[in-house]
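Chemist: Before we start, here is the structure in question, set down as structure tokens.
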Amino acid sequence: MRNRDVAAWTSAVVTALVATALVSPAAAATSATTADRASCPQLSEKLPWYGDNRARLQKMIDERGTCHGHHGARPVAAFDWDNTVSKNDVTDATIAWALKHDKILRPASWKKTSKWMTDDADKALTAACGTAVPVGSSLPTSTDTDCTDEIFNIRESGRTMSGAAAFAGEWNHRRTVPQYAWVPQLFAGHTVPELESYAAAARKEALAAPVGATQTLGTHTIPGYVRYYEQQRDLIRTLQKAGFDVYIVSAGSEPVTEVWAAGSGGVGIDRRHTIAIRSVLDAEGRITTYNEGCGGTGRTQGEAIPYIDGKRCWINQDIFHIKGKAAWDKQRRDKRIALGGGDADTDVTFVGDATGAHLVLNRNKNEIMCRAYDNADGRWVANPMFIEPLPRKTGTYPCSTAAHNKPEGGFGPLLRDDGSVVPDQADTIF
């Protein structure tokens with residue numbers, strides 16, 4: 001090698017060594033982290049999201065997933081089911097199928113199916129469904145439209161066909177709602193495998209129906225189809241690949257939710273990761289009108305179901321193993337989910353507890369959309385429904401006056417953690 005070549009080579013080596021020495025440990029770590037993140041599972045770019053929502057969710061996955069070397073406990077993601085993972089309500093689809101196929105058994109007393117059922121509802125159901133069918137036998141709801149109407153109207157609105165209140169008394173309105181708790185109570189007398197078979201048949205029928213299809217129950221017209229949201233299916237699978245434990249937390253009946261979550265063509269969430277209303281079984285394995293409780297409530301007829309604050313309680317109890325009354329409380333950061341996904345006020349507490357991202361599908365529900373638009377921590381991700389999205393809400397959400405669902409019932413101002421009032425919000429994501 002000639003002298004000038006040696007000099008040039010030496011100069012190049014020295015320059016490289018100096019450049020290497022000048023790279024800070026932080027910069028090197030950032031470079032390594034960027035490379036690691038590039039290897040994390042990626043959300044599909046073929047599935048449309050609103051605005052930059054896909055990128056924001058991907059950032060959370062990159063930051064919190066175990067795919068780039070995080071150690072310790074696996075991060076947790078939790079999703080509501082009805083109208084969050086699926087378009088339309090799978091519980092209603094199952095009830096509709098059961099009513100059309102005479103699968104509701106006549107109880108010995110309608111009044112005793114719920115601790116809150118009124119005399120008016122008991123009389124209305126008895127008059128509509130009759131007493132000719134023996135107790136424990138199938139009601140002919142496929143042909144008896146009066147009986148079908150009465151049952152479904154109470155499930156849907158909490159009122160009889162005549163407009164009388166179907167439920168009365170005291171309950172914590174952030175922990176339960178009687179007509180939700182009444183759904184698994186309607187299937188009392190059946191075994192879990194029987195209810196699963198009804199859910200599976202309803203699923204097959206609802207997935208085969210075209211988007212937009214409706215069905216008639218008595219005088220009620222309800223959606224006749226259900227679809228999995230492909231974006232949510234992709235998000236769940238990407239989270240699982242990135243090392244997240246992913247759960248479903250639903251205010252529906254647990255066997256029904258399990259069929260949809262774990263079934264062939266579902267979203268790959270097994271029974272162990274599915275939380276919903278968990279019925280107490282009798283000695284013969286048949287569903288009763290009682291359900292398992294949370295936060296120290298024990299077995300009741302529906303006082304603590306996965307509903308608003310109840311969803312937090314069930315997540316704390318079943319996922320983070322926090323027992324007793326403490327399960328109702330917001331936990332420290334390492335005992336909270338990383339991502340929460342929901343669509344309604346029934347989901348607002350657990351979605352708000354998430355430390356990485358709060359995903360909300362916009363169904364014009366006051367409390368959760370006020371939280372989403374206020375975006376107090378900058379991590380709320382609001383998105384229109386992926387199928388048949390709702391139009392823009394007229395006016396504003398009444399955040400400052402009537403968005404908070406009060407425990408005693410009714411509505412009041414929605415407050416931030418610091419006690420300040422959330423101002424009314426315009427609907428901008430639709």
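To be explicit about the labels: the chains of the structure tokens are called A, B, and onward in the order shown, and within each one the residues are counted from 1, while ligands get numbers from 1 in the order they are shown.
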I'd like the neighbourhood of Lys393 of chain A as a ChimeraX atom specification, where a residue qualifies if any of its atoms comes within 9 Å (using only C-alpha atoms), though same-chain residues fewer than 3 positions away should be ignored.
Modeler: /A:364,390,396-397,426-428,430
Chemist: So which residues of segment 51-191 of chain A fall under strand (DSSP E or B) by DSSP, listed as a ChimeraX atom specification?
Modeler: /A:76-79,82,86-87,105,117,138,159,165,167,191
Chemist: So that I can check the surroundings of segment 341-356 of chain A, please list as a ChimeraX atom specification every protein, DNA and RNA residue that reaches within 7 Å of it, counting only C-alpha atoms and ignoring chain neighbours fewer than 2 positions away.
Modeler: /A:60,78-80,83-84,307-309,311-312,333,336-339,358-363,365,367-368,379
Chemist: Can you list, as a PyMOL selection string, every protein, DNA or RNA residue that comes within 6 Å of segment 242-257 of chain A when you count only C-alpha atoms, leaving out same-chain residues fewer than 6 positions away?
Modeler: chain A and resi 41+65-67+74-81+184+196+199+273-278+306-307
Chemist: Using only C-alpha atoms, which residues sit within 12 Å of Ser420 of chain A once same-chain residues fewer than 4 positions away are excluded, as JSON, numbers by chain?
Modeler: {"A": [374, 376, 399, 400, 413, 414, 415, 416]}
Chemist: What would the file look like if the residues just selected were written as a compact mmCIF listing (two decimals), in the first residue's frame with N, CA and C atoms?
Modeler:
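Saved the output as out38.txt:
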```txt
# COMPACT_ATOMS: atom_id res chain seq x y z
N ASP A 374 -63.12 14.80 25.51
CA ASP A 374 -62.33 15.59 26.47
C ASP A 374 -60.87 15.18 26.45
N ALA A 376 -58.59 13.70 28.31
CA ALA A 376 -57.82 14.32 29.38
C ALA A 376 -56.35 13.90 29.40
N CYS A 399 -72.15 16.96 28.59
CA CYS A 399 -71.14 16.54 29.56
C CYS A 399 -71.22 17.31 30.87
N SER A 400 -71.48 18.61 30.78
CA SER A 400 -71.45 19.47 31.96
C SER A 400 -72.69 19.37 32.83
N PRO A 413 -73.51 16.07 36.21
CA PRO A 413 -72.31 16.55 35.52
C PRO A 413 -71.19 15.51 35.56
N LEU A 414 -70.41 15.48 34.50
CA LEU A 414 -69.27 14.56 34.42
C LEU A 414 -68.03 15.31 34.88
N LEU A 415 -67.28 14.71 35.82
CA LEU A 415 -66.11 15.35 36.40
C LEU A 415 -64.83 14.66 35.97
N ARG A 416 -63.77 15.45 35.86
CA ARG A 416 -62.43 14.90 35.66
C ARG A 416 -61.89 14.44 37.01
```
Chemist: So that I can see what lies close to segment 168-182 of chain A, please list as a ChimeraX atom specification the residues with an atom at most 6 Å from it, counting only C-alpha atoms and leaving out residues fewer than 3 positions away in the same chain.
Modeler: /A:116,155,158,185,302-305,307-310,407-409
Chemist: Limited to N, CA and C atoms, could you put the picked residues into a file as an mmCIF file, in the first residue's frame?
Modeler:
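The resulting file, selection_38.cif, is shown below:
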```cif
data_model
loop_
_atom_site.group_PDB
_atom_site.id
_atom_site.type_symbol
_atom_site.label_atom_id
_atom_site.label_comp_id
_atom_site.auth_asym_id
_atom_site.auth_seq_id
_atom_site.Cartn_x
_atom_site.Cartn_y
_atom_site.Cartn_z
ATOM 1 N N TRP A 116 -86.049 -7.767 41.350
ATOM 2 C CA TRP A 116 -86.606 -6.425 41.159
ATOM 3 C C TRP A 116 -87.882 -6.435 40.316
ATOM 4 N N ARG A 155 -86.933 -7.127 28.142
ATOM 5 C CA ARG A 155 -85.484 -7.216 27.926
ATOM 6 C C ARG A 155 -84.949 -5.925 27.304
ATOM 7 N N GLY A 158 -86.979 -2.563 29.719
ATOM 8 C CA GLY A 158 -87.278 -2.598 31.146
ATOM 9 C C GLY A 158 -88.723 -2.239 31.448
ATOM 10 N N GLN A 185 -81.185 -15.127 33.302
ATOM 11 C CA GLN A 185 -82.267 -15.658 34.129
ATOM 12 C C GLN A 185 -83.392 -16.240 33.271
ATOM 13 N N GLY A 302 -78.139 -10.710 40.536
ATOM 14 C CA GLY A 302 -77.702 -9.710 39.566
ATOM 15 C C GLY A 302 -77.214 -8.394 40.116
ATOM 16 N N GLU A 303 -76.761 -8.350 41.357
ATOM 17 C CA GLU A 303 -76.356 -7.084 41.963
ATOM 18 C C GLU A 303 -74.988 -6.590 41.502
ATOM 19 N N ALA A 304 -74.167 -7.467 40.950
ATOM 20 C CA ALA A 304 -72.810 -7.056 40.553
ATOM 21 C C ALA A 304 -72.418 -7.766 39.263
ATOM 22 N N ILE A 305 -72.972 -7.303 38.160
ATOM 23 C CA ILE A 305 -72.637 -7.888 36.863
ATOM 24 C C ILE A 305 -71.584 -7.019 36.178
ATOM 25 N N TYR A 307 -70.943 -4.428 34.389
ATOM 26 C CA TYR A 307 -71.716 -3.297 33.878
ATOM 27 C C TYR A 307 -71.163 -2.015 34.506
ATOM 28 N N ILE A 308 -70.708 -1.073 33.705
ATOM 29 C CA ILE A 308 -70.068 0.186 34.113
ATOM 30 C C ILE A 308 -68.984 -0.114 35.153
ATOM 31 N N ASP A 309 -69.160 0.291 36.412
ATOM 32 C CA ASP A 309 -68.115 0.023 37.409
ATOM 33 C C ASP A 309 -67.941 -1.464 37.653
ATOM 34 N N GLY A 310 -68.987 -2.247 37.361
ATOM 35 C CA GLY A 310 -68.879 -3.692 37.512
ATOM 36 C C GLY A 310 -67.850 -4.308 36.592
ATOM 37 N N PRO A 407 -74.859 6.558 40.619
ATOM 38 C CA PRO A 407 -75.126 5.257 41.243
ATOM 39 C C PRO A 407 -76.573 5.087 41.693
ATOM 40 N N GLU A 408 -77.185 6.179 42.138
ATOM 41 C CA GLU A 408 -78.557 6.103 42.619
ATOM 42 C C GLU A 408 -79.587 6.219 41.499
ATOM 43 N N GLY A 409 -79.112 6.375 40.275
ATOM 44 C CA GLY A 409 -79.996 6.553 39.138
ATOM 45 C C GLY A 409 -80.044 7.998 38.704
#
```
Chemist: Write out as a ChimeraX atom specification all residues of segment 187-306 of chain A that DSSP puts in helix (DSSP H, G or I) for this structure's backbone.
Modeler: /A:192-208,230-241,254-262,271-273
Chemist: A:Arg371, A:Arg272, A:His220, A:His321: which is nearest Ile154 of chain A, counting only C-alpha atoms?
Modeler: A:His220
Chemist: From the list A:Ala403, A:Cys40, A:Ala55, A:Leu47, which residue is nearest Arg233 of chain A when using only C-alpha atoms?
Modeler: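 Closest to Arg233 of chain A of all the choices is A:Leu47.
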Chemist: Please provide the set of residues having any atom within 12 Å of Gly51 of chain A, restricted to only C-alpha atoms, with same-chain residues fewer than 6 positions apart removed, written as a compact mmCIF listing (two decimals) with all heavy atoms, in the first residue's frame.
Modeler:
```
# COMPACT_ATOMS: atom_id res chain seq x y z
N LEU A 57 -52.67 3.33 17.71
CA LEU A 57 -52.76 2.01 18.34
C LEU A 57 -51.47 1.22 18.13
O LEU A 57 -51.01 0.51 19.04
CB LEU A 57 -53.96 1.25 17.77
CG LEU A 57 -55.34 1.81 18.14
CD1 LEU A 57 -56.43 1.15 17.31
CD2 LEU A 57 -55.62 1.64 19.63
N VAL A 381 -58.87 7.19 21.86
CA VAL A 381 -58.89 6.93 20.42
C VAL A 381 -60.33 6.65 20.02
O VAL A 381 -60.85 5.56 20.25
CB VAL A 381 -57.99 5.72 20.06
CG1 VAL A 381 -57.99 5.48 18.56
CG2 VAL A 381 -56.57 5.94 20.57
N ALA A 382 -60.99 7.66 19.45
CA ALA A 382 -62.39 7.52 19.04
C ALA A 382 -62.48 7.19 17.56
O ALA A 382 -61.73 7.74 16.74
CB ALA A 382 -63.16 8.79 19.34
N ASN A 383 -63.37 6.28 17.23
CA ASN A 383 -63.50 5.82 15.84
C ASN A 383 -64.98 5.59 15.53
O ASN A 383 -65.73 5.10 16.37
CB ASN A 383 -62.75 4.49 15.66
CG ASN A 383 -62.28 4.27 14.24
OD1 ASN A 383 -61.16 4.67 13.90
ND2 ASN A 383 -63.08 3.64 13.40
N PRO A 384 -65.45 5.94 14.32
CA PRO A 384 -66.81 5.58 13.95
C PRO A 384 -66.96 4.06 13.92
O PRO A 384 -65.97 3.32 13.80
CB PRO A 384 -66.96 6.16 12.54
CG PRO A 384 -65.88 7.16 12.40
CD PRO A 384 -64.75 6.67 13.25
N THR A 428 -67.37 15.11 16.55
CA THR A 428 -66.49 15.40 15.42
C THR A 428 -65.97 14.15 14.71
O THR A 428 -65.38 14.25 13.64
CB THR A 428 -65.27 16.25 15.86
OG1 THR A 428 -64.55 15.51 16.87
CG2 THR A 428 -65.73 17.58 16.43
N ILE A 429 -66.20 12.99 15.32
CA ILE A 429 -65.71 11.73 14.73
C ILE A 429 -66.92 10.85 14.47
O ILE A 429 -67.50 10.29 15.41
CB ILE A 429 -64.68 11.04 15.66
CG1 ILE A 429 -63.44 11.93 15.78
CG2 ILE A 429 -64.31 9.66 15.14
CD1 ILE A 429 -62.47 11.48 16.84
N PHE A 430 -67.33 10.75 13.23
CA PHE A 430 -68.57 10.06 12.89
C PHE A 430 -68.48 9.49 11.50
O PHE A 430 -67.53 9.78 10.76
CB PHE A 430 -69.75 11.02 13.00
CG PHE A 430 -69.58 12.30 12.23
CD1 PHE A 430 -70.02 12.39 10.92
CD2 PHE A 430 -68.96 13.40 12.80
CE1 PHE A 430 -69.84 13.56 10.19
CE2 PHE A 430 -68.79 14.58 12.08
CZ PHE A 430 -69.22 14.66 10.77
```
Chemist: Find the residues of segment 147-189 of chain A that sit at most 7 Å from segment 91-110 of chain A; for each, write down the nearest two atoms and how far apart they are in Å, to one decimal. Count only C-alpha atoms. Sort by chain, then by number going up, and give it as CSV.
Modeler:
```
residue,atom,partner,partner_atom,distance
A:Thr148,CA,A:Leu99,CA,6.5
A:Leu186,CA,A:Ile104,CA,6.7
A:Phe187,CA,A:Ile104,CA,6.3
```
Chemist: Given only C-alpha atoms as the basis, pick out the residue of A:Glu63, A:Cys370, A:Phe320, A:Trp380 nearest to Thr401 of chain A.
Modeler: A:Cys370
Chemist: Choose the residue, out of A:Glu156, A:Asp120, A:Lys46, A:Val90, that has the smallest atom-to-atom separation from Glu205 of chain A; count only C-alpha atoms.
Modeler: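 The shortest atom-to-atom distance to Glu205 of chain A comes from A:Val90.
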Chemist: Just how far from atom CA of Asn366 of chain A is atom CA of Ala165 of chain A, in Å to one decimal?
Modeler: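 One can read the atom CA of Ala165 of chain A to atom CA of Asn366 of chain A distance as 23.5 Å.
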